[in-house]
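Coordinates from input_9.txt are shown below (compact mmCIF, C-alpha atoms).
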# COMPACT_ATOMS: atom_id res chain seq x y z
CA MET A 207 108.22 53.61 130.28
CA GLU A 208 111.90 54.43 129.94
CA ALA A 209 112.44 51.39 127.74
CA SER A 210 109.51 52.34 125.56
CA SER A 211 110.74 55.89 125.19
CA SER A 212 114.24 54.72 124.29
CA ALA A 213 112.88 52.33 121.64
CA ASP A 214 110.79 55.03 119.96
CA PHE A 215 113.57 57.62 119.86
CA PRO A 216 115.45 56.39 116.75
CA ALA A 217 112.26 56.17 114.70
CA ARG A 218 111.25 59.69 115.66
CA SER A 219 114.74 61.05 115.15
CA ILE A 220 114.85 60.12 111.46
CA GLU A 221 111.42 61.57 110.65
CA LEU A 222 111.62 64.56 108.32
CA PRO A 223 110.09 67.90 109.24
CA PRO A 224 106.61 68.22 107.77
CA TRP A 225 107.65 70.97 105.35
CA LYS A 226 110.26 68.70 103.76
CA THR A 227 107.70 65.95 103.30
CA VAL A 228 105.29 68.40 101.66
CA ALA A 229 108.08 69.72 99.43
CA SER A 230 108.92 66.16 98.37
CA HIS A 231 105.28 65.48 97.47
CA ILE A 232 104.96 68.67 95.43
CA ALA A 233 108.26 68.13 93.63
CA ALA A 234 107.29 64.50 92.95
CA LEU A 235 103.95 65.59 91.44
CA ILE A 236 105.67 68.11 89.15
CA THR A 237 108.27 65.54 88.08
CA ALA A 238 105.59 62.91 87.48
CA ILE A 239 103.48 65.21 85.30
CA LEU A 240 106.48 66.16 83.17
CA PHE A 241 107.89 62.67 82.73
CA ILE A 242 104.62 60.78 82.27
CA SER A 243 103.39 63.28 79.66
CA ALA A 244 106.74 63.13 77.83
CA GLY A 245 106.86 59.33 77.97
CA VAL A 246 103.25 58.72 76.93
CA TRP A 247 103.64 61.14 74.02
CA LYS A 248 106.61 59.11 72.78
CA ILE A 249 104.66 55.87 73.27
CA THR A 250 101.67 57.09 71.24
CA SER A 251 103.65 59.00 68.56
CA PRO A 252 106.80 56.92 68.02
CA PHE A 253 107.38 57.86 64.37
CA GLN A 254 106.95 61.57 64.95
CA VAL A 255 109.35 61.52 67.90
CA SER A 256 111.89 59.27 66.14
CA HIS A 257 111.89 61.73 63.26
CA MET A 258 112.73 64.53 65.70
CA MET A 259 115.50 62.35 67.18
CA GLU A 260 117.07 62.00 63.74
CA GLN A 261 117.17 65.77 63.40
CA MET A 262 118.99 65.78 66.74
CA LEU A 263 121.73 63.59 65.19
CA VAL A 264 120.52 60.19 66.40
CA PRO A 265 121.33 57.68 63.58
CA TYR A 266 118.14 56.71 61.77
CA GLN A 267 118.85 53.00 62.35
CA LEU A 268 118.62 53.67 66.11
CA SER A 269 115.93 56.33 66.18
CA ILE A 270 112.94 54.00 66.70
CA PRO A 271 114.60 51.71 69.33
CA PHE A 272 115.97 54.77 71.14
CA THR A 273 112.55 56.47 71.10
CA LEU A 274 110.84 53.39 72.55
CA MET A 275 113.49 52.90 75.24
CA LEU A 276 113.28 56.57 76.19
CA ALA A 277 109.49 56.35 76.27
CA VAL A 278 109.61 53.43 78.70
CA GLY A 279 112.27 55.10 80.86
CA GLU A 280 110.47 58.44 81.13
CA THR A 281 107.09 56.88 81.84
CA LEU A 282 108.62 54.55 84.44
CA ALA A 283 110.37 57.46 86.17
CA GLY A 284 107.12 59.44 86.29
CA VAL A 285 105.06 56.56 87.67
CA LEU A 286 107.63 55.51 90.27
CA VAL A 287 108.15 59.01 91.59
CA LEU A 288 104.41 59.29 92.28
CA VAL A 289 104.46 56.34 94.72
CA PRO A 290 106.24 57.17 98.02
CA ARG A 291 107.71 53.68 98.42
CA PHE A 292 109.24 53.89 94.90
CA ARG A 293 109.92 57.64 94.89
CA ARG A 294 113.69 57.58 95.31
CA TRP A 295 114.10 55.08 92.47
CA GLY A 296 111.90 57.16 90.19
CA ALA A 297 113.65 60.40 91.16
CA TRP A 298 117.12 58.99 90.55
CA LEU A 299 116.01 57.61 87.18
CA ALA A 300 114.64 61.04 86.28
CA VAL A 301 117.91 62.67 87.39
CA PHE A 302 119.91 60.24 85.25
CA LEU A 303 117.77 60.90 82.17
CA LEU A 304 117.98 64.67 82.59
CA LEU A 305 121.75 64.66 83.12
CA ALA A 306 122.26 62.39 80.10
CA PHE A 307 120.06 64.62 77.93
CA MET A 308 121.75 67.82 79.09
CA GLY A 309 125.17 66.27 78.52
CA TYR A 310 124.25 65.16 74.99
CA ILE A 311 122.87 68.58 74.07
CA GLY A 312 125.89 70.29 75.58
CA PHE A 313 128.30 68.07 73.64
CA ASN A 314 126.49 68.75 70.33
CA TYR A 315 125.38 72.29 71.16
CA ALA A 316 126.98 73.97 68.16
CA LYS A 317 125.23 71.61 65.72
CA LEU A 318 121.85 71.59 67.47
CA THR A 319 121.37 75.28 68.33
CA GLY A 320 117.92 76.45 67.23
CA LEU A 321 116.48 72.97 66.63
CA ASP A 322 113.21 71.90 68.19
CA CYS A 323 113.80 69.76 71.29
CA SER A 324 110.22 69.51 72.52
CA CYS A 325 109.76 66.57 74.84
CA PHE A 326 106.18 67.58 75.62
CA PRO A 327 103.29 67.71 73.12
CA TRP A 328 101.98 71.06 74.39
CA LEU A 329 105.32 72.87 74.83
CA LYS A 330 107.58 74.01 72.01
CA ARG A 331 111.24 74.44 72.96
CA ALA A 332 114.27 75.30 70.88
CA ILE A 333 117.83 74.49 71.86
CA GLY A 334 119.53 77.58 73.22
CA PRO A 335 120.77 79.01 76.54
CA ALA A 336 117.28 78.78 78.10
CA PHE A 337 117.25 75.03 77.51
CA PHE A 338 119.79 74.41 80.26
CA TRP A 339 117.97 76.60 82.79
CA GLU A 340 114.68 74.84 82.11
CA ASP A 341 116.21 71.37 82.44
CA ALA A 342 118.10 72.49 85.57
CA ALA A 343 114.73 73.41 87.12
CA MET A 344 113.39 69.94 86.29
CA LEU A 345 116.55 68.43 87.74
CA ALA A 346 116.08 70.39 90.97
CA ALA A 347 112.49 69.15 91.29
CA ALA A 348 113.58 65.52 90.83
CA LEU A 349 116.38 65.94 93.39
CA VAL A 350 114.03 67.43 95.99
CA ALA A 351 111.50 64.65 95.38
CA GLY A 352 114.10 61.93 95.89
CA TRP A 353 116.30 63.47 98.57
CA TRP A 354 113.47 64.01 101.02
CA ALA A 355 111.68 60.73 100.27
CA PRO A 356 111.99 57.57 102.42
CA PRO A 357 114.26 54.77 101.14
CA SER A 358 112.60 52.82 98.33
CA ASN A 359 111.56 49.18 98.68
CA GLY A 360 109.52 46.58 96.81
CA LEU A 361 111.72 45.88 93.79
CA ARG A 362 109.46 43.09 92.52
CA ASN A 363 106.45 45.42 92.35
CA ALA A 364 108.53 48.08 90.63
CA LEU A 365 109.57 45.52 88.01
CA VAL A 366 105.89 44.69 87.47
CA VAL A 367 105.28 48.37 86.74
CA LEU A 368 108.16 48.30 84.26
CA GLY A 369 106.66 45.23 82.57
CA VAL A 370 103.25 46.84 82.22
CA ILE A 371 104.74 49.99 80.67
CA ALA A 372 106.88 47.93 78.29
CA VAL A 373 103.85 45.91 77.13
CA PHE A 374 101.81 49.08 76.65
CA THR A 375 104.65 50.57 74.60
CA GLY A 376 104.89 47.46 72.42
CA VAL A 377 101.15 47.36 71.76
CA SER A 378 101.08 51.07 70.93
CA TYR A 379 104.01 50.70 68.54
CA GLY A 380 102.34 47.75 66.82
CA SER A 381 99.19 49.82 66.39
CA ALA A 382 101.21 52.69 64.90
CA VAL A 383 102.90 50.34 62.42
CA THR A 384 99.52 48.92 61.40
CA HIS A 385 98.14 52.40 60.90
CA LEU A 386 100.98 53.25 58.55
CA SER A 387 100.17 50.36 56.21
CA GLY A 388 97.30 50.50 53.77
CA THR A 389 95.78 53.81 54.88
CA LYS A 390 93.35 55.13 52.29
CA ALA A 391 94.28 58.53 50.87
CA PRO A 392 91.72 61.31 50.44
CA ASP A 393 89.85 60.98 47.15
CA THR A 394 91.01 64.29 45.69
CA ILE A 395 93.12 67.30 46.59
CA THR A 396 93.92 70.53 44.80
CA VAL A 397 97.29 70.42 43.04
CA ASP A 398 98.67 73.42 41.16
CA GLY A 399 95.22 74.98 41.39
CA LYS A 400 93.37 71.98 39.87
CA SER A 401 91.51 69.01 41.30
CA PHE A 402 93.73 65.93 41.42
CA SER A 403 92.73 62.34 42.24
CA LEU A 404 94.88 60.37 44.69
CA GLN A 405 93.09 57.12 43.88
CA HIS A 406 95.05 56.17 40.78
CA GLY A 407 98.68 55.48 39.96
CA ARG A 408 101.78 55.85 42.09
CA ILE A 409 102.24 59.04 44.06
CA LEU A 410 104.78 60.38 46.53
CA ILE A 411 103.48 63.03 48.93
CA PHE A 412 106.36 65.01 50.45
CA PHE A 413 105.69 67.07 53.59
CA PHE A 414 108.23 69.84 54.17
CA ASP A 415 108.93 73.05 56.06
CA PRO A 416 110.41 75.67 53.69
CA THR A 417 112.56 77.04 56.55
CA CYS A 418 113.95 73.65 57.60
CA PRO A 419 117.56 72.87 56.52
CA HIS A 420 116.90 69.15 56.90
CA CYS A 421 113.92 69.45 54.53
CA GLU A 422 116.06 71.33 52.04
CA ALA A 423 118.74 68.63 52.14
CA ALA A 424 116.09 65.94 51.70
CA ALA A 425 114.57 67.67 48.67
CA ARG A 426 117.98 68.17 47.06
CA ALA A 427 118.82 64.50 47.60
CA MET A 428 115.55 63.35 46.00
CA SER A 429 116.03 65.74 43.09
CA ALA A 430 119.15 63.76 42.15
CA ASP A 431 117.32 60.41 42.08
CA HIS A 432 116.22 58.76 38.82
CA TRP A 433 112.45 58.64 39.24
CA LYS A 434 110.23 56.20 37.38
CA PRO A 435 108.27 58.19 34.76
CA ASP A 436 104.86 57.18 36.15
CA VAL A 437 105.52 58.38 39.71
CA VAL A 438 103.84 61.70 40.51
CA ARG A 439 105.51 63.79 43.19
CA ILE A 440 103.41 66.19 45.26
CA ALA A 441 104.96 68.59 47.77
CA VAL A 442 103.01 69.83 50.80
CA PRO A 443 104.36 72.77 52.86
CA VAL A 444 103.44 72.29 56.53
CA THR A 445 104.11 75.97 57.26
CA MET A 446 104.96 79.15 55.34
CA ALA A 447 103.01 77.94 52.30
CA GLN A 448 103.84 81.14 50.42
CA TRP A 449 107.45 79.97 50.21
CA GLY A 450 106.63 76.52 48.84
CA ALA A 451 107.25 77.35 45.17
CA SER A 452 110.57 79.05 45.96
CA PHE A 453 111.62 76.02 47.98
CA LEU A 454 110.99 73.66 45.06
CA HIS A 455 112.78 75.98 42.67
CA ASP A 456 115.83 76.39 44.89
CA THR A 457 116.16 72.66 45.65
CA HIS A 458 115.47 71.63 42.00
CA PHE A 459 112.95 69.08 43.27
CA ASP A 460 110.53 68.38 40.40
CA ALA A 461 107.20 68.18 42.20
CA HIS A 462 103.71 69.61 42.04
CA LEU A 463 102.55 71.84 44.89
CA THR A 464 99.39 71.55 46.99
CA GLY A 465 98.03 73.66 49.80
CA ASP A 466 95.63 70.97 51.06
CA LEU A 467 97.62 70.26 54.19
CA GLU A 468 94.73 69.61 56.57
CA PRO A 469 93.07 66.60 54.84
CA LEU A 470 96.48 65.04 54.22
CA ARG A 471 97.61 65.68 57.80
CA ALA A 472 94.39 64.24 59.20
CA THR A 473 94.90 61.07 57.15
CA PHE A 474 98.63 60.43 57.44
CA LYS A 475 99.51 62.35 60.64
CA PRO A 476 102.99 63.42 59.49
CA PRO A 477 105.54 65.26 61.61
CA ASP A 478 106.48 68.76 60.49
CA GLY A 479 108.94 67.43 57.90
CA PRO A 480 110.76 66.15 56.09
CA TYR A 481 108.40 63.22 55.73
CA ALA A 482 106.85 61.46 52.77
CA VAL A 483 104.15 58.92 52.04
CA ALA A 484 104.19 56.50 49.11
CA LEU A 485 100.80 55.75 47.55
CA GLU A 486 99.65 53.23 44.98
CA GLY A 487 96.06 52.90 43.85
CA GLY A 488 94.86 55.27 46.54
CA ARG A 489 96.42 53.27 49.40
CA GLU A 490 99.56 53.89 51.40
CA LEU A 491 102.45 51.59 50.59
CA GLY A 492 104.37 52.94 53.55
CA PRO A 493 106.11 55.98 54.97
CA VAL A 494 109.38 57.51 53.86
CA ALA A 495 110.52 58.70 57.27
CA HIS A 496 114.32 58.69 57.05
CA PHE A 497 116.41 61.16 55.07
CA ASP A 498 119.98 60.48 56.17
CA ALA A 499 122.16 58.63 53.62
CA PRO A 500 121.59 56.05 52.26
CA GLU A 501 117.95 56.97 52.83
CA PRO A 502 115.52 57.86 51.39
CA ALA A 503 116.84 56.17 48.25
CA VAL A 504 116.73 52.70 49.83
CA THR A 505 113.05 52.99 50.74
CA LEU A 506 112.06 54.66 47.47
CA ARG A 507 113.83 51.91 45.53
CA LYS A 508 112.05 49.26 47.60
CA PHE A 509 108.72 50.80 46.60
CA GLY A 510 109.86 50.86 42.96
CA PHE A 511 109.62 54.64 42.75
CA ILE A 512 113.23 55.20 41.62
CA ASP A 513 115.76 53.22 39.59
Mind converting the file's structure to structure tokens?
Amino acid sequence: MEASSSADFPARSIELPPWKTVASHIAALITAILFISAGVWKITSPFQVSHMMEQMLVPYQLSIPFTLMLAVGETLAGVLVLVPRFRRWGAWLAVFLLLAFMGYIGFNYAKLTGLDCSCFPWLKRAIGPAFFWEDAAMLAAALVAGWWAPPSNGLRNALVVLGVIAVFTGVSYGSAVTHLSGTKAPDTITVDGKSFSLQHGRILIFFFDPTCPHCEAAARAMSADHWKPDVVRIAVPVTMAQWGASFLHDTHFDAHLTGDLEPLRATFKPPDGPYAVALEGGRELGPVAHFDAPEPAVTLRKFGFID
């Protein structure tokens, strides 16, 4: 009996108090919900998120690869932290991602203040002092989940989870690329108060936010391009439609104005802007998603819309 009691003592001595175990489970659930929702949103909306990354100073050449890598990392962290045997790995990955994000925002704070930094589809956040408190709360939850979790084990199974998420991300991205090619435009929209057919000729549809500095810079850049005479340019304000005409006037962008945002948004699913879609014969040639030099001129020239 003495031998048995002595053998059981070490195992019992390292057991956590029940309240710490419960706290770890609750913190893990919160962390998992946040990271899985953020990761899956990036997986299913890669172009929208990559566009937001460009506004946060990520070079456009890296925005898509960075978005996909971040999507895999966030989803993996959320899934691993849900499983007790993988929890510490998932928590430490979540901590790393949060610290890296907070460090990047802090380093570029002066340039990014006020910009949208929403990582979650249902929550709108702008970069400001509250950003760091909110991310610190997420960081605390991840630390509690990992610190009071048992040591992780089963690396092979964790790598299988990584592989499944990576495959899902690749398939979703391929589907998004396919959707962006050849989409049929609505038959007609109202342009400058008159019915206008989208089924003929070459048309650029430019989605913009009149209050967005990046949209203003994009419009000014396109106003300096030498457009082919047969290309019709249509501008679509995604918010503050009453300021659309003033925006075009101030940026000197020669385009017609439409208020038919909803049918165009339902068809092309654009981000808030700047974003454009090139049409020919009523079908989408492709998106114009990048507006940092030398874009969008490179893409517009490829489509034959500018000289």
For Val301 in chain A, please output as a list of chain:residue names all residues within 8 Å (counting only C-alpha atoms; exclusion window: fewer than 5 positions along the same chain).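 Result of the neighbour search: A:Leu345, A:Ala348, A:Leu349.
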Take CA of Gly360 in chain A and CA of Leu240 in chain A and report the distance between them in Å, one decimal. 24.1 Å
How far is it from CA of Val264 in chain A to CA of Gly388 in chain A, in Å with one decimal? 28.2 Å
Distance query Phe459 in chain A at most 10 Å, all atoms listed in the file, self and fewer than 6 positions along chain excluded, as number ranges by chain: A: 422, 424-431, 439, 441, 453
Could the residues in this selection be written to a file with C-alpha atoms, as a compact mmCIF listing (two decimals), in the coordinates of the input?
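out_35.txt, freshly written:
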# COMPACT_ATOMS: atom_id res chain seq x y z
CA GLU A 422 116.06 71.33 52.04
CA ALA A 424 116.09 65.94 51.70
CA ALA A 425 114.57 67.67 48.67
CA ARG A 426 117.98 68.17 47.06
CA ALA A 427 118.82 64.50 47.60
CA MET A 428 115.55 63.35 46.00
CA SER A 429 116.03 65.74 43.09
CA ALA A 430 119.15 63.76 42.15
CA ASP A 431 117.32 60.41 42.08
CA ARG A 439 105.51 63.79 43.19
CA ALA A 441 104.96 68.59 47.77
CA PHE A 453 111.62 76.02 47.98
State, in Å with one decimal place, the distance from CA of Ser378 in chain A to CA of Ala495 in chain A. 18.3 Å
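Between Phe307 in chain A and the candidates A:Ala342, A:Ala372, A:Leu410, A:Val287, the tightest atom-to-atom separation, counting all atoms listed in the file, involves A:Ala342.
Considering all atoms listed in the file, the residue among A:Ser452, A:Thr273, A:Gln267, A:Thr464 positioned nearest to Ile395 in chain A is A:Thr464.
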Can you write out as a Markdown table which residues of range 441-482 of chain A fall within 12 Å of range 405-409 of chain A, alongside each residue's closest atom pair and its distance in Å to one decimal, counting only C-alpha atoms and ordering rows by chain and ascending residue number?
| residue | atom | partner | partner_atom | distance |
| --- | --- | --- | --- | --- |
| A:Ala441 | CA | A:Ile409 | CA | 10.6 |
| A:Ala461 | CA | A:Ile409 | CA | 10.6 |
| A:His462 | CA | A:Ile409 | CA | 10.9 |
| A:Ala482 | CA | A:Ile409 | CA | 10.1 |
Which one of A:Thr237, A:Gly376, A:Tyr266, A:Leu463 sits closest to Val278 in chain A if you count all atoms listed in the file?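 Distance minimum relative to Val278 in chain A lands on A:Gly376.
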Please tell me which residues are no farther than 12 Å from (91.5, 64.7, 43.7) in the file, counting only C-alpha atoms, and write them as a ChimeraX atom specification. /A:391-406,464,466,469-470,488
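Of the residues under consideration (A:Thr384, A:Thr319, A:Asn359, A:Gln448), A:Asn359 shows the shortest atom-to-atom contact distance to Arg294 in chain A when counting all atoms listed in the file.
Shortest separation to Ile333 in chain A among A:Met262, A:Ala238, A:Gly352, A:Ile371 occurs at residue A:Met262, atoms counted being only C-alpha atoms.
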Neighbouring residues of His231 in chain A were defined as those with any atom within 12 Å, considering all atoms listed in the file; residues of the same chain fewer than 3 positions away were excluded. Please report them as a ChimeraX atom specification. /A:224-228,234-238,287-290,293-294,297,347-356
Write out, as an mmCIF file, keeping the file's coordinate frame, the residues just selected, with C-alpha atoms.
data_model
loop_
_atom_site.group_PDB
_atom_site.id
_atom_site.type_symbol
_atom_site.label_atom_id
_atom_site.label_comp_id
_atom_site.auth_asym_id
_atom_site.auth_seq_id
_atom_site.Cartn_x
_atom_site.Cartn_y
_atom_site.Cartn_z
ATOM 1 C CA PRO A 224 106.610 68.220 107.770
ATOM 2 C CA TRP A 225 107.650 70.970 105.350
ATOM 3 C CA LYS A 226 110.260 68.700 103.760
ATOM 4 C CA THR A 227 107.700 65.950 103.300
ATOM 5 C CA VAL A 228 105.290 68.400 101.660
ATOM 6 C CA ALA A 234 107.290 64.500 92.950
ATOM 7 C CA LEU A 235 103.950 65.590 91.440
ATOM 8 C CA ILE A 236 105.670 68.110 89.150
ATOM 9 C CA THR A 237 108.270 65.540 88.080
ATOM 10 C CA ALA A 238 105.590 62.910 87.480
ATOM 11 C CA VAL A 287 108.150 59.010 91.590
ATOM 12 C CA LEU A 288 104.410 59.290 92.280
ATOM 13 C CA VAL A 289 104.460 56.340 94.720
ATOM 14 C CA PRO A 290 106.240 57.170 98.020
ATOM 15 C CA ARG A 293 109.920 57.640 94.890
ATOM 16 C CA ARG A 294 113.690 57.580 95.310
ATOM 17 C CA ALA A 297 113.650 60.400 91.160
ATOM 18 C CA ALA A 347 112.490 69.150 91.290
ATOM 19 C CA ALA A 348 113.580 65.520 90.830
ATOM 20 C CA LEU A 349 116.380 65.940 93.390
ATOM 21 C CA VAL A 350 114.030 67.430 95.990
ATOM 22 C CA ALA A 351 111.500 64.650 95.380
ATOM 23 C CA GLY A 352 114.100 61.930 95.890
ATOM 24 C CA TRP A 353 116.300 63.470 98.570
ATOM 25 C CA TRP A 354 113.470 64.010 101.020
ATOM 26 C CA ALA A 355 111.680 60.730 100.270
ATOM 27 C CA PRO A 356 111.990 57.570 102.420
#
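Taking all atoms listed in the file into account, Ile239 in chain A lies nearest to A:Val285 out of the set A:Val285, A:Val444, A:Ala484, A:Ala503.
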Please write out, as JSON, where the centre of an axis-aligned box around all listed atoms of range 265-275 of chain A lies and how long its edges are, in Å to one decimal, after adding 6 Å on each side.
{"center_x": 116.1, "center_y": 54.7, "center_z": 68.5, "size_x": 22.5, "size_y": 18.0, "size_z": 25.5}
Up to 12 Å from (107.1, 64.8, 80.8) in the file's coordinates: name the residues, counting only C-alpha atoms, as a PyMOL selection string. chain A and resi 235-249+276-285+300+303-304+324-329+341+344+348
